[in-house]
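Raw contents of data.cif, mmCIF, C-alpha atoms and all ligand atoms:
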data_protein
loop_
_atom_site.label_atom_id
_atom_site.label_comp_id
_atom_site.auth_asym_id
_atom_site.auth_seq_id
_atom_site.Cartn_x
_atom_site.Cartn_y
_atom_site.Cartn_z
CA MET Y 386 -25.37 5.19 22.40
CA THR Y 387 -22.86 5.54 19.61
CA THR Y 388 -24.28 5.39 16.10
CA TYR Y 389 -21.14 4.12 14.34
CA GLN Y 390 -21.68 6.76 11.69
CA PRO Y 391 -18.36 7.33 9.86
CA THR Y 392 -17.02 10.80 9.21
CA PRO Y 393 -14.09 11.95 7.02
CA ALA Y 394 -11.98 12.12 10.21
CA ASP Y 395 -12.07 8.29 10.26
CA ARG Y 396 -10.17 8.36 6.93
CA PHE Y 397 -12.11 5.58 5.21
CA THR Y 398 -11.56 5.24 1.48
CA PHE Y 399 -12.90 3.09 -1.35
CA GLY Y 400 -11.67 2.54 -4.90
CA LEU Y 401 -13.66 3.57 -7.96
CA TRP Y 402 -13.14 -0.09 -8.91
CA THR Y 403 -14.65 -1.32 -5.64
CA VAL Y 404 -17.98 0.47 -5.31
CA GLY Y 405 -18.01 0.62 -9.12
CA ASN Y 406 -17.63 -3.17 -9.44
CA VAL Y 407 -20.33 -4.41 -11.80
CA GLY Y 408 -20.26 -8.04 -10.67
CA ARG Y 409 -18.45 -9.60 -13.61
CA ASP Y 410 -16.58 -12.82 -12.84
CA PRO Y 411 -14.74 -15.40 -14.99
CA PHE Y 412 -17.99 -17.32 -15.45
CA GLY Y 413 -20.59 -14.60 -15.75
CA GLU Y 414 -21.49 -11.23 -17.19
CA PRO Y 415 -22.02 -8.07 -15.11
CA THR Y 416 -25.05 -8.14 -12.82
CA ARG Y 417 -25.15 -4.37 -12.17
CA ALA Y 418 -25.11 -1.29 -14.38
CA ALA Y 419 -21.92 0.79 -14.39
CA MET Y 420 -22.11 3.98 -12.29
CA GLN Y 421 -20.26 7.15 -13.31
CA ALA Y 422 -17.28 8.29 -11.22
CA PRO Y 423 -18.82 11.67 -10.17
CA TYR Y 424 -21.91 9.82 -8.87
CA LEU Y 425 -19.77 7.33 -6.92
CA VAL Y 426 -17.98 10.28 -5.30
CA GLN Y 427 -21.30 11.85 -4.29
CA LYS Y 428 -22.58 8.60 -2.78
CA LEU Y 429 -19.33 7.97 -0.86
CA ALA Y 430 -19.52 11.48 0.58
CA GLU Y 431 -23.11 10.86 1.71
CA LEU Y 432 -21.96 7.70 3.50
CA GLY Y 433 -19.19 9.55 5.37
CA ALA Y 434 -16.11 8.32 3.50
CA TYR Y 435 -12.95 10.44 3.39
CA GLY Y 436 -11.66 9.60 -0.04
CA VAL Y 437 -11.70 7.65 -3.24
CA ASN Y 438 -8.76 5.94 -4.97
CA LEU Y 439 -8.37 4.98 -8.59
CA HIS Y 440 -6.47 3.33 -11.40
CA ASP Y 441 -5.89 5.49 -14.49
CA ASN Y 442 -8.44 3.46 -16.47
CA ASP Y 443 -11.11 3.52 -13.76
CA LEU Y 444 -11.60 7.15 -14.83
CA VAL Y 445 -10.15 7.41 -18.34
CA PRO Y 446 -10.76 4.38 -20.59
CA LEU Y 447 -7.86 3.00 -22.62
CA GLY Y 448 -7.70 4.78 -25.96
CA ALA Y 449 -9.70 7.87 -24.89
CA SER Y 450 -8.89 11.06 -26.80
CA ALA Y 451 -7.18 13.97 -25.04
CA ALA Y 452 -10.44 15.92 -25.08
CA GLU Y 453 -12.35 13.00 -23.61
CA ARG Y 454 -9.72 12.59 -20.88
CA ASP Y 455 -9.90 16.27 -19.97
CA ARG Y 456 -13.69 16.19 -19.78
CA LEU Y 457 -13.75 13.06 -17.57
CA VAL Y 458 -11.08 14.45 -15.25
CA ALA Y 459 -12.81 17.85 -15.01
CA ASP Y 460 -16.19 16.24 -14.15
CA PHE Y 461 -14.52 14.04 -11.55
CA ARG Y 462 -12.63 16.96 -9.99
CA ARG Y 463 -15.82 19.01 -9.80
CA SER Y 464 -17.57 16.22 -7.94
CA LEU Y 465 -14.60 15.80 -5.57
CA SER Y 466 -14.64 19.47 -4.67
CA ASP Y 467 -18.46 19.72 -4.49
CA HIS Y 468 -18.55 16.84 -2.02
CA GLY Y 469 -15.28 17.39 -0.15
CA VAL Y 470 -13.82 14.01 -1.14
CA ARG Y 471 -10.04 13.45 -1.40
CA VAL Y 472 -7.95 11.17 -3.64
CA PRO Y 473 -5.18 9.99 -1.31
CA MET Y 474 -3.95 7.10 -3.46
CA ALA Y 475 -3.59 6.38 -7.15
CA THR Y 476 -2.36 3.39 -9.10
CA THR Y 477 -1.98 2.03 -12.65
CA ASN Y 478 -3.96 -0.64 -14.42
CA LEU Y 479 -1.09 -2.85 -15.59
CA PHE Y 480 -3.22 -5.97 -15.83
CA GLY Y 481 -6.27 -5.45 -18.08
CA ASP Y 482 -4.65 -4.77 -21.45
CA PRO Y 483 -3.61 -7.97 -23.33
CA ALA Y 484 -0.24 -6.24 -23.85
CA PHE Y 485 0.43 -7.11 -20.20
CA LYS Y 486 -0.68 -10.75 -20.40
CA ASP Y 487 2.84 -12.04 -19.53
CA GLY Y 488 3.81 -9.22 -17.18
CA ALA Y 489 4.28 -5.46 -17.30
CA PHE Y 490 7.53 -4.47 -15.56
CA THR Y 491 8.59 -8.14 -15.73
CA SER Y 492 7.56 -8.92 -19.30
CA ALA Y 493 10.19 -10.77 -21.34
CA ASP Y 494 9.48 -8.18 -24.08
CA ALA Y 495 11.48 -4.96 -23.60
CA ARG Y 496 8.83 -3.01 -25.53
CA VAL Y 497 6.13 -4.07 -23.05
CA ARG Y 498 8.37 -3.08 -20.12
CA ALA Y 499 8.90 0.36 -21.67
CA TYR Y 500 5.16 0.72 -22.35
CA ALA Y 501 4.47 -0.14 -18.68
CA LEU Y 502 6.82 2.65 -17.62
CA GLN Y 503 5.14 5.11 -19.97
CA LYS Y 504 1.64 4.16 -18.80
CA THR Y 505 2.68 4.45 -15.16
CA MET Y 506 4.26 7.89 -15.66
CA LEU Y 507 1.06 9.18 -17.29
CA SER Y 508 -0.98 7.67 -14.47
CA MET Y 509 1.33 9.25 -11.88
CA ASP Y 510 0.72 12.60 -13.60
CA LEU Y 511 -3.04 12.06 -13.25
CA GLY Y 512 -2.76 10.98 -9.61
CA HIS Y 513 -0.73 14.07 -8.78
CA GLU Y 514 -3.25 16.29 -10.56
CA LEU Y 515 -5.92 14.81 -8.27
CA GLY Y 516 -3.83 15.29 -5.11
CA ALA Y 517 -2.67 11.71 -4.49
CA GLU Y 518 0.28 11.26 -2.13
CA THR Y 519 0.57 7.47 -2.15
CA TYR Y 520 1.17 5.46 -5.29
CA VAL Y 521 0.39 1.73 -5.23
CA PHE Y 522 1.99 -1.02 -7.28
CA TRP Y 523 -0.06 -4.20 -7.43
CA GLY Y 524 1.79 -6.49 -9.82
CA GLY Y 525 -1.17 -8.64 -10.78
CA ARG Y 526 0.36 -9.86 -14.04
CA GLU Y 527 3.94 -9.97 -12.74
CA GLY Y 528 4.28 -13.74 -12.44
CA SER Y 529 3.98 -16.96 -14.38
CA GLU Y 530 2.03 -20.13 -15.05
CA VAL Y 531 5.12 -22.00 -16.24
CA ASP Y 532 8.78 -21.29 -15.55
CA ALA Y 533 9.99 -22.66 -18.86
CA GLY Y 534 10.83 -19.09 -19.91
CA GLY Y 535 13.68 -19.05 -17.42
CA LYS Y 536 13.27 -15.39 -16.50
CA LEU Y 537 12.97 -15.52 -12.70
CA LEU Y 538 16.19 -13.68 -11.86
CA ASP Y 539 15.81 -11.29 -14.80
CA SER Y 540 12.27 -10.49 -13.68
CA LEU Y 541 13.41 -9.38 -10.25
CA GLY Y 542 16.04 -7.18 -11.90
CA TRP Y 543 13.54 -5.67 -14.38
CA PHE Y 544 11.05 -5.05 -11.56
CA ARG Y 545 13.77 -3.32 -9.50
CA ASP Y 546 14.91 -1.19 -12.46
CA SER Y 547 11.33 -0.07 -13.12
CA LEU Y 548 10.65 0.91 -9.52
CA ASN Y 549 13.97 2.78 -9.33
CA TYR Y 550 13.09 4.60 -12.56
CA LEU Y 551 9.61 5.60 -11.39
CA ALA Y 552 10.92 6.86 -8.05
CA GLU Y 553 13.30 9.09 -9.99
CA TYR Y 554 10.48 10.23 -12.25
CA SER Y 555 8.40 11.21 -9.22
CA GLN Y 556 11.29 13.21 -7.82
CA SER Y 557 12.15 14.87 -11.12
CA GLN Y 558 8.52 16.03 -11.39
CA GLY Y 559 8.38 17.13 -7.74
CA TYR Y 560 5.44 14.78 -7.05
CA GLY Y 561 6.67 13.62 -3.65
CA TYR Y 562 4.93 10.24 -3.89
CA ARG Y 563 5.44 7.50 -1.34
CA PHE Y 564 5.19 4.14 -3.09
CA ALA Y 565 3.44 1.08 -1.69
CA LEU Y 566 3.98 -2.45 -3.07
CA GLU Y 567 0.92 -4.69 -2.76
CA PRO Y 568 1.72 -8.41 -2.56
CA LYS Y 569 -0.60 -11.21 -3.63
CA PRO Y 570 0.27 -14.92 -3.88
CA ASN Y 571 -1.68 -15.81 -7.04
CA GLU Y 572 -4.61 -14.76 -9.26
CA PRO Y 573 -4.65 -13.76 -12.00
CA ARG Y 574 -1.23 -15.47 -12.49
CA ALA Y 575 -0.67 -18.99 -11.16
CA ASP Y 576 2.25 -17.59 -9.16
CA ILE Y 577 2.76 -13.87 -8.66
CA PHE Y 578 6.26 -12.52 -7.95
CA LEU Y 579 6.82 -11.08 -4.43
CA PRO Y 580 3.84 -13.09 -3.10
CA THR Y 581 3.73 -11.96 0.53
CA VAL Y 582 4.30 -8.91 2.70
CA GLY Y 583 7.58 -10.43 3.86
CA SER Y 584 8.78 -10.88 0.25
CA ALA Y 585 7.93 -7.26 -0.58
CA LEU Y 586 9.76 -5.99 2.51
CA GLY Y 587 12.84 -7.98 1.55
CA PHE Y 588 12.74 -6.65 -2.02
CA ILE Y 589 12.34 -3.02 -0.92
CA ALA Y 590 15.68 -3.23 0.87
CA THR Y 591 17.33 -3.88 -2.54
CA LEU Y 592 15.96 -0.69 -4.19
CA GLU Y 593 18.04 2.44 -4.79
CA GLN Y 594 15.83 4.62 -2.56
CA PRO Y 595 14.22 2.18 -0.12
CA GLU Y 596 12.96 5.02 2.07
CA LEU Y 597 10.43 5.95 -0.64
CA PHE Y 598 8.90 2.46 -0.66
CA GLY Y 599 6.61 0.65 1.75
CA VAL Y 600 3.82 -1.90 1.49
CA ASN Y 601 0.08 -1.95 0.91
CA PRO Y 602 -0.94 -5.25 2.51
CA GLU Y 603 -4.39 -6.67 1.77
CA PHE Y 604 -6.34 -8.85 4.20
CA ALA Y 605 -7.54 -11.22 1.47
CA HIS Y 606 -4.12 -11.72 -0.08
CA GLU Y 607 -2.25 -13.05 2.96
CA THR Y 608 -5.36 -15.03 3.95
CA MET Y 609 -5.55 -16.74 0.52
CA ALA Y 610 -2.08 -18.14 1.23
CA GLY Y 611 -3.11 -19.35 4.67
CA LEU Y 612 -1.05 -16.66 6.39
CA ASN Y 613 -2.04 -14.50 9.35
CA PHE Y 614 -2.72 -11.00 8.01
CA THR Y 615 -2.41 -9.27 11.39
CA HIS Y 616 1.07 -10.75 11.81
CA ALA Y 617 2.05 -9.44 8.36
CA VAL Y 618 0.77 -5.95 9.24
CA ALA Y 619 2.68 -6.04 12.52
CA GLN Y 620 5.89 -6.79 10.62
CA ALA Y 621 5.21 -3.92 8.22
CA ILE Y 622 4.59 -1.54 11.14
CA ASP Y 623 7.73 -2.74 12.89
CA ALA Y 624 9.74 -2.02 9.73
CA GLY Y 625 8.21 1.48 9.40
CA LYS Y 626 6.76 0.34 6.07
CA LEU Y 627 2.98 0.38 6.48
CA PHE Y 628 2.29 3.09 3.87
CA HIS Y 629 -1.29 2.06 3.03
CA ILE Y 630 -3.68 -0.81 3.81
CA ASP Y 631 -6.37 -2.72 1.90
CA LEU Y 632 -9.11 -3.99 4.19
CA ASN Y 633 -11.57 -6.67 3.18
CA ASP Y 634 -12.27 -10.30 4.09
CA GLN Y 635 -11.65 -13.72 2.63
CA LYS Y 636 -12.24 -17.42 3.20
CA MET Y 637 -8.86 -19.11 3.41
CA GLY Y 638 -7.52 -21.04 0.43
CA ARG Y 639 -10.07 -19.72 -2.09
CA PHE Y 640 -9.90 -17.33 -5.06
CA ASP Y 641 -9.58 -13.64 -4.17
CA GLN Y 642 -13.01 -12.91 -2.75
CA ASP Y 643 -12.65 -9.27 -1.62
CA LEU Y 644 -15.52 -9.69 0.84
CA ARG Y 645 -17.01 -6.94 3.01
CA PHE Y 646 -14.61 -6.09 5.85
CA GLY Y 647 -15.30 -8.20 8.94
CA SER Y 648 -17.84 -10.43 7.19
CA GLU Y 649 -15.89 -13.67 7.52
CA ASN Y 650 -13.05 -13.68 10.07
CA ILE Y 651 -14.51 -11.41 12.73
CA LYS Y 652 -11.97 -12.23 15.45
CA ALA Y 653 -9.02 -11.69 13.08
CA ALA Y 654 -10.60 -8.39 12.02
CA PHE Y 655 -10.83 -7.39 15.68
CA PHE Y 656 -7.15 -8.09 16.37
CA LEU Y 657 -6.24 -6.20 13.20
CA VAL Y 658 -8.25 -3.10 14.19
CA GLN Y 659 -6.79 -3.30 17.69
CA LEU Y 660 -3.28 -3.39 16.20
CA LEU Y 661 -3.90 -0.53 13.77
CA GLU Y 662 -5.54 1.67 16.39
CA SER Y 663 -2.72 1.09 18.88
CA SER Y 664 -0.05 1.85 16.25
CA ALA Y 665 1.10 5.16 14.82
CA TYR Y 666 -0.52 4.34 11.45
CA ALA Y 667 -2.47 7.45 10.45
CA GLY Y 668 -2.97 6.75 6.75
CA PRO Y 669 -6.23 5.97 5.00
CA LYS Y 670 -8.14 2.79 5.75
CA HIS Y 671 -8.97 1.62 2.25
CA PHE Y 672 -11.68 -0.97 1.67
CA ASP Y 673 -10.49 -2.95 -1.35
CA ALA Y 674 -13.61 -5.05 -1.53
CA HIS Y 675 -16.84 -5.14 -3.45
CA ALA Y 676 -20.47 -6.06 -3.02
CA LEU Y 677 -21.46 -9.66 -3.70
CA ARG Y 678 -22.31 -10.39 -7.32
CA THR Y 679 -25.85 -11.13 -6.20
CA GLU Y 680 -26.47 -7.49 -5.22
CA ASP Y 681 -28.13 -4.52 -6.89
CA GLU Y 682 -27.15 -0.88 -6.29
CA ALA Y 683 -28.78 -0.83 -2.86
CA GLY Y 684 -26.60 -3.81 -1.97
CA VAL Y 685 -23.49 -1.88 -3.04
CA TRP Y 686 -24.23 0.91 -0.56
CA ALA Y 687 -25.19 -1.58 2.16
CA PHE Y 688 -21.79 -3.20 1.53
CA ALA Y 689 -19.89 0.12 1.74
CA ARG Y 690 -21.75 1.23 4.87
CA GLY Y 691 -21.13 -2.20 6.41
CA CYS Y 692 -17.35 -2.06 5.90
CA MET Y 693 -17.08 1.26 7.74
CA ARG Y 694 -19.61 0.42 10.43
CA THR Y 695 -17.88 -2.86 11.27
CA TYR Y 696 -14.51 -1.10 11.52
CA LEU Y 697 -16.01 1.46 13.91
CA MET Y 698 -17.72 -1.25 15.99
CA LEU Y 699 -14.43 -3.14 16.27
CA ARG Y 700 -12.62 0.08 17.20
CA ASP Y 701 -15.19 0.50 19.96
CA LYS Y 702 -14.59 -3.10 21.05
CA ALA Y 703 -10.83 -2.43 21.17
CA GLN Y 704 -11.52 0.48 23.53
CA GLN Y 705 -13.75 -1.75 25.68
CA PHE Y 706 -10.99 -4.37 25.73
CA ALA Y 707 -8.51 -1.75 26.99
CA ALA Y 708 -10.96 -0.59 29.69
CA ASP Y 709 -12.08 -4.05 30.88
CA GLY Y 710 -10.57 -4.68 34.33
CA GLU Y 711 -10.79 -8.47 34.18
CA ILE Y 712 -9.22 -8.62 30.72
CA GLN Y 713 -6.47 -6.21 31.70
CA ALA Y 714 -5.72 -8.23 34.85
CA ALA Y 715 -5.48 -11.41 32.75
CA LEU Y 716 -3.18 -9.62 30.31
CA ALA Y 717 -0.97 -8.37 33.14
CA ALA Y 718 -0.79 -11.91 34.55
CA TYR Y 719 0.22 -13.25 31.13
CA ARG Y 720 3.40 -11.18 31.11
CA VAL Y 721 6.10 -11.97 33.64
CA GLU Y 722 8.51 -9.16 34.45
CA ASP Y 723 11.84 -9.97 36.06
CA GLN Y 724 14.22 -7.06 36.43
CA ALA Y 725 17.30 -9.14 37.19
CA MET Y 726 16.77 -11.29 34.08
CA GLN Y 727 15.98 -8.24 31.99
CA ALA Y 728 19.25 -6.63 33.07
CA LEU Y 729 21.24 -9.73 32.14
CA SER Y 730 19.57 -9.69 28.72
CA THR Y 731 21.47 -6.54 27.73
CA PHE Y 732 24.72 -7.74 26.23
CA SER Y 733 28.04 -7.12 27.94
CA PRO Y 734 30.77 -9.69 28.49
CA ALA Y 735 29.97 -9.64 32.24
CA ASN Y 736 26.22 -10.08 31.67
CA ALA Y 737 26.87 -12.90 29.21
CA ALA Y 738 29.11 -14.62 31.74
CA ALA Y 739 26.51 -14.20 34.50
CA LEU Y 740 23.69 -15.45 32.29
CA ARG Y 741 25.72 -18.48 31.22
CA ALA Y 742 26.27 -19.33 34.87
CA HIS Y 743 22.68 -18.76 36.02
CA ALA Y 744 20.73 -21.86 37.13
CA PHE Y 745 17.17 -21.78 35.71
CA ASP Y 746 14.33 -23.77 37.23
CA ARG Y 747 13.25 -25.25 33.89
CA ALA Y 748 10.48 -27.31 35.43
CA ALA Y 749 8.87 -24.20 36.93
CA LEU Y 750 9.16 -22.32 33.60
CA GLY Y 751 7.49 -25.20 31.78
CA ALA Y 752 4.80 -25.68 34.40
CA ARG Y 753 3.39 -22.16 34.29
CA GLY Y 754 -0.04 -21.80 32.68
CA PRO Y 755 -0.22 -18.42 30.90
CA GLY Y 756 -4.03 -18.14 31.03
CA LEU Y 757 -4.53 -17.72 27.28
CA GLU Y 758 -7.66 -19.93 27.15
CA ARG Y 759 -9.41 -17.66 29.63
CA LEU Y 760 -8.12 -14.48 28.00
CA ASP Y 761 -9.29 -15.58 24.57
CA GLN Y 762 -12.71 -16.62 25.89
CA LEU Y 763 -13.07 -13.20 27.52
CA THR Y 764 -12.25 -11.67 24.11
CA VAL Y 765 -14.91 -13.82 22.41
CA GLU Y 766 -17.49 -12.82 25.03
CA LEU Y 767 -16.59 -9.17 24.56
CA LEU Y 768 -17.02 -9.51 20.78
CA LEU Y 769 -20.36 -11.25 21.24
CA GLY Y 770 -21.60 -8.38 23.37
CA LEU Y 771 -21.65 -10.26 26.67
CA ARG Y 772 -19.25 -7.91 28.45
C1 LIG Y 801 -7.29 -5.29 -8.10
C2 LIG Y 801 -6.57 -6.06 -7.04
C3 LIG Y 801 -6.40 -5.27 -5.80
C4 LIG Y 801 -5.47 -4.11 -5.97
C5 LIG Y 801 -5.98 -3.09 -6.90
C6 LIG Y 801 -4.91 -2.07 -7.13
S1 LIG Y 801 -6.69 -3.70 -8.33
O1 LIG Y 801 -8.64 -5.18 -7.77
O2 LIG Y 801 -7.30 -7.27 -6.77
O3 LIG Y 801 -5.99 -6.05 -4.71
O4 LIG Y 801 -5.36 -3.46 -4.73
O5 LIG Y 801 -4.27 -2.24 -8.34
MN MN Y 802 -8.03 -8.76 -3.35
MN MN Y 803 -5.85 -4.66 -2.99
#

When written as structure tokens, how does the structure in this file appear?
Ligand code: GLT
Ligand code: MN
Ligand code: MN
Amino acid sequence: MTTYQPTPADRFTFGLWTVGNVGRDPFGEPTRAAMQAPYLVQKLAELGAYGVNLHDNDLVPLGASAAERDRLVADFRRSLSDHGVRVPMATTNLFGDPAFKDGAFTSADARVRAYALQKTMLSMDLGHELGAETYVFWGGREGSEVDAGGKLLDSLGWFRDSLNYLAEYSQSQGYGYRFALEPKPNEPRADIFLPTVGSALGFIATLEQPELFGVNPEFAHETMAGLNFTHAVAQAIDAGKLFHIDLNDQKMGRFDQDLRFGSENIKAAFFLVQLLESSAYAGPKHFDAHALRTEDEAGVWAFARGCMRTYLMLRDKAQQFAADGEIQAALAAYRVEDQAMQALSTFSPANAAALRAHAFDRAALGARGPGLERLDQLTVELLLGLR
């Protein structure tokens, strides 16, 4: 009987901002006391996590003195090494400071854009000091409520210039970062630029060094927009651009809920885990979620344990799915192989001429039942533990 106990080999990570979330929301004050970063590291290690990720200001508050910064970083590093916890990803808080209220890299104010570059370079220095290899850009404030400012095309140019600049900075420092853009459709802005995985992939192709950039898709963000997250991840994998992933859960069409992984859309979570496990993705599985505001500290650790445990249970289910004879037979029946047609589907003038002349039995093609109802029901029964 497997225990679904995670180990660092599973490469599960959390953010300081996730397990450290104090339960503040736009309508209410914190419901939990803040926990110090070294303590969060110790607790994550006890639970079997591989790593912890951070924004600059999750560790070093805005305005801290140099001495204060050095002390906080030293205490954090000591805890990381005492507990064998890694920092695979780092990012910048470009959303909390009122200076960024109308955008950071896409602010209409050139001074704010330059400040965003400076803050990001300093945060990249910190991430590198902690061993981070992936650098995330979540443009939470890059967007608008009104478009009266007329800066849409300029914003895309400013965003591009900033990313090009920071890629060069990383190289000039020898940091070797891979950068991951994290799309989100809205919140905190009414409309955020590059709102979906597809938009980010399209934008990456316009950068000076596109090979350094990929995406960090988040389950909740595509789901908020009514999109299918697993489809978005498949497109990122197909493009060779899945550099990082934010796992959580979300009710469709709501505010960004960042729910415990697998707590809401269990079937979608299953297909996602199945896709990830069958792909070459070997990066961290980051839970960008937090405990419900109702919870105390015990609830925070129940939340973190639950994210990892559900992933492992779904990974187990994916293995059962692959080993289930009836399911595999239904899958095999779903696909129709036809070598002659396959051969004609490779372009040559002769094949094109032959395919143009071929007489298809359209009625037979349309009449075939693919068996998806049965296959899906078998999947549901497997997930419910009946197989
Ligand atoms: C913020 C956001 C997340 C991003 C984080 C990285 S911060 O919590 O909602 O989706 O991944 O900046
Ligand atoms: Mn989110
Ligand atoms: Mn995220």

### Task
Pick out the residues no farther than 7 Å from ligand LIG 801 (chain Y), counting all atoms listed in the file, and list them as number ranges by chain.
Y: 402, 440, 476-478, 521-523, 567, 603, 631, 673

### Query
Using only C-alpha atoms and all ligand atoms, what are the residues with an atom within 7 Å of ligand MN 802 (chain Y), set out as a VMD selection string?
chain Y and resid 603 605 to 606 641 to 643 673 to 674

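Our summary of the geometry notes that CA of Phe656 in chain Y is positioned 8.3 Å from CA of Ala703 in chain Y.
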
Using 8 Å of padding on each side, determine the axis-aligned box around all atoms of range 500-514 of chain Y present in the file and give its centre and edge lengths in Å to one decimal, as JSON.
{"center_x": 1.8, "center_y": 8.1, "center_z": -15.6, "size_x": 26.1, "size_y": 32.4, "size_z": 29.6}

### Task
Give the answer as one residue: which of Y:Ala452, Y:Val531, Y:Val497, Y:Val600 has the shortest atom-to-atom distance to ligand MN 803 (chain Y), using all atoms listed in the file?
Y:Val600

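Note that the spacing between CA of Asp623 in chain Y and CA of Leu597 in chain Y amounts to 16.3 Å.
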
## Note on the structure
Restricting to only C-alpha atoms and all ligand atoms, whichever of Y:Asp634, Y:Glu530, Y:Asp395, Y:Asp441 is closest to ligand MN 803 (chain Y) is Y:Asp634

Can you pull out the residues contacting range 709-711 of chain Y? Cut-off 9 Å, using all atoms listed in the file, and skip same-chain residues under 4 positions away; I want them as a PDB file with C-alpha atoms, in the coordinates of the input.
ATOM      1  CA  GLN Y 704     -11.520   0.480  23.530  1.00  0.00           C
ATOM      2  CA  GLN Y 705     -13.750  -1.750  25.680  1.00  0.00           C
ATOM      3  CA  ALA Y 715      -5.480 -11.410  32.750  1.00  0.00           C
ATOM      4  CA  LEU Y 716      -3.180  -9.620  30.310  1.00  0.00           C
ATOM      5  CA  LEU Y 763     -13.070 -13.200  27.520  1.00  0.00           C
ATOM      6  CA  ARG Y 772     -19.250  -7.910  28.450  1.00  0.00           C
TER       7      ARG Y 772
END
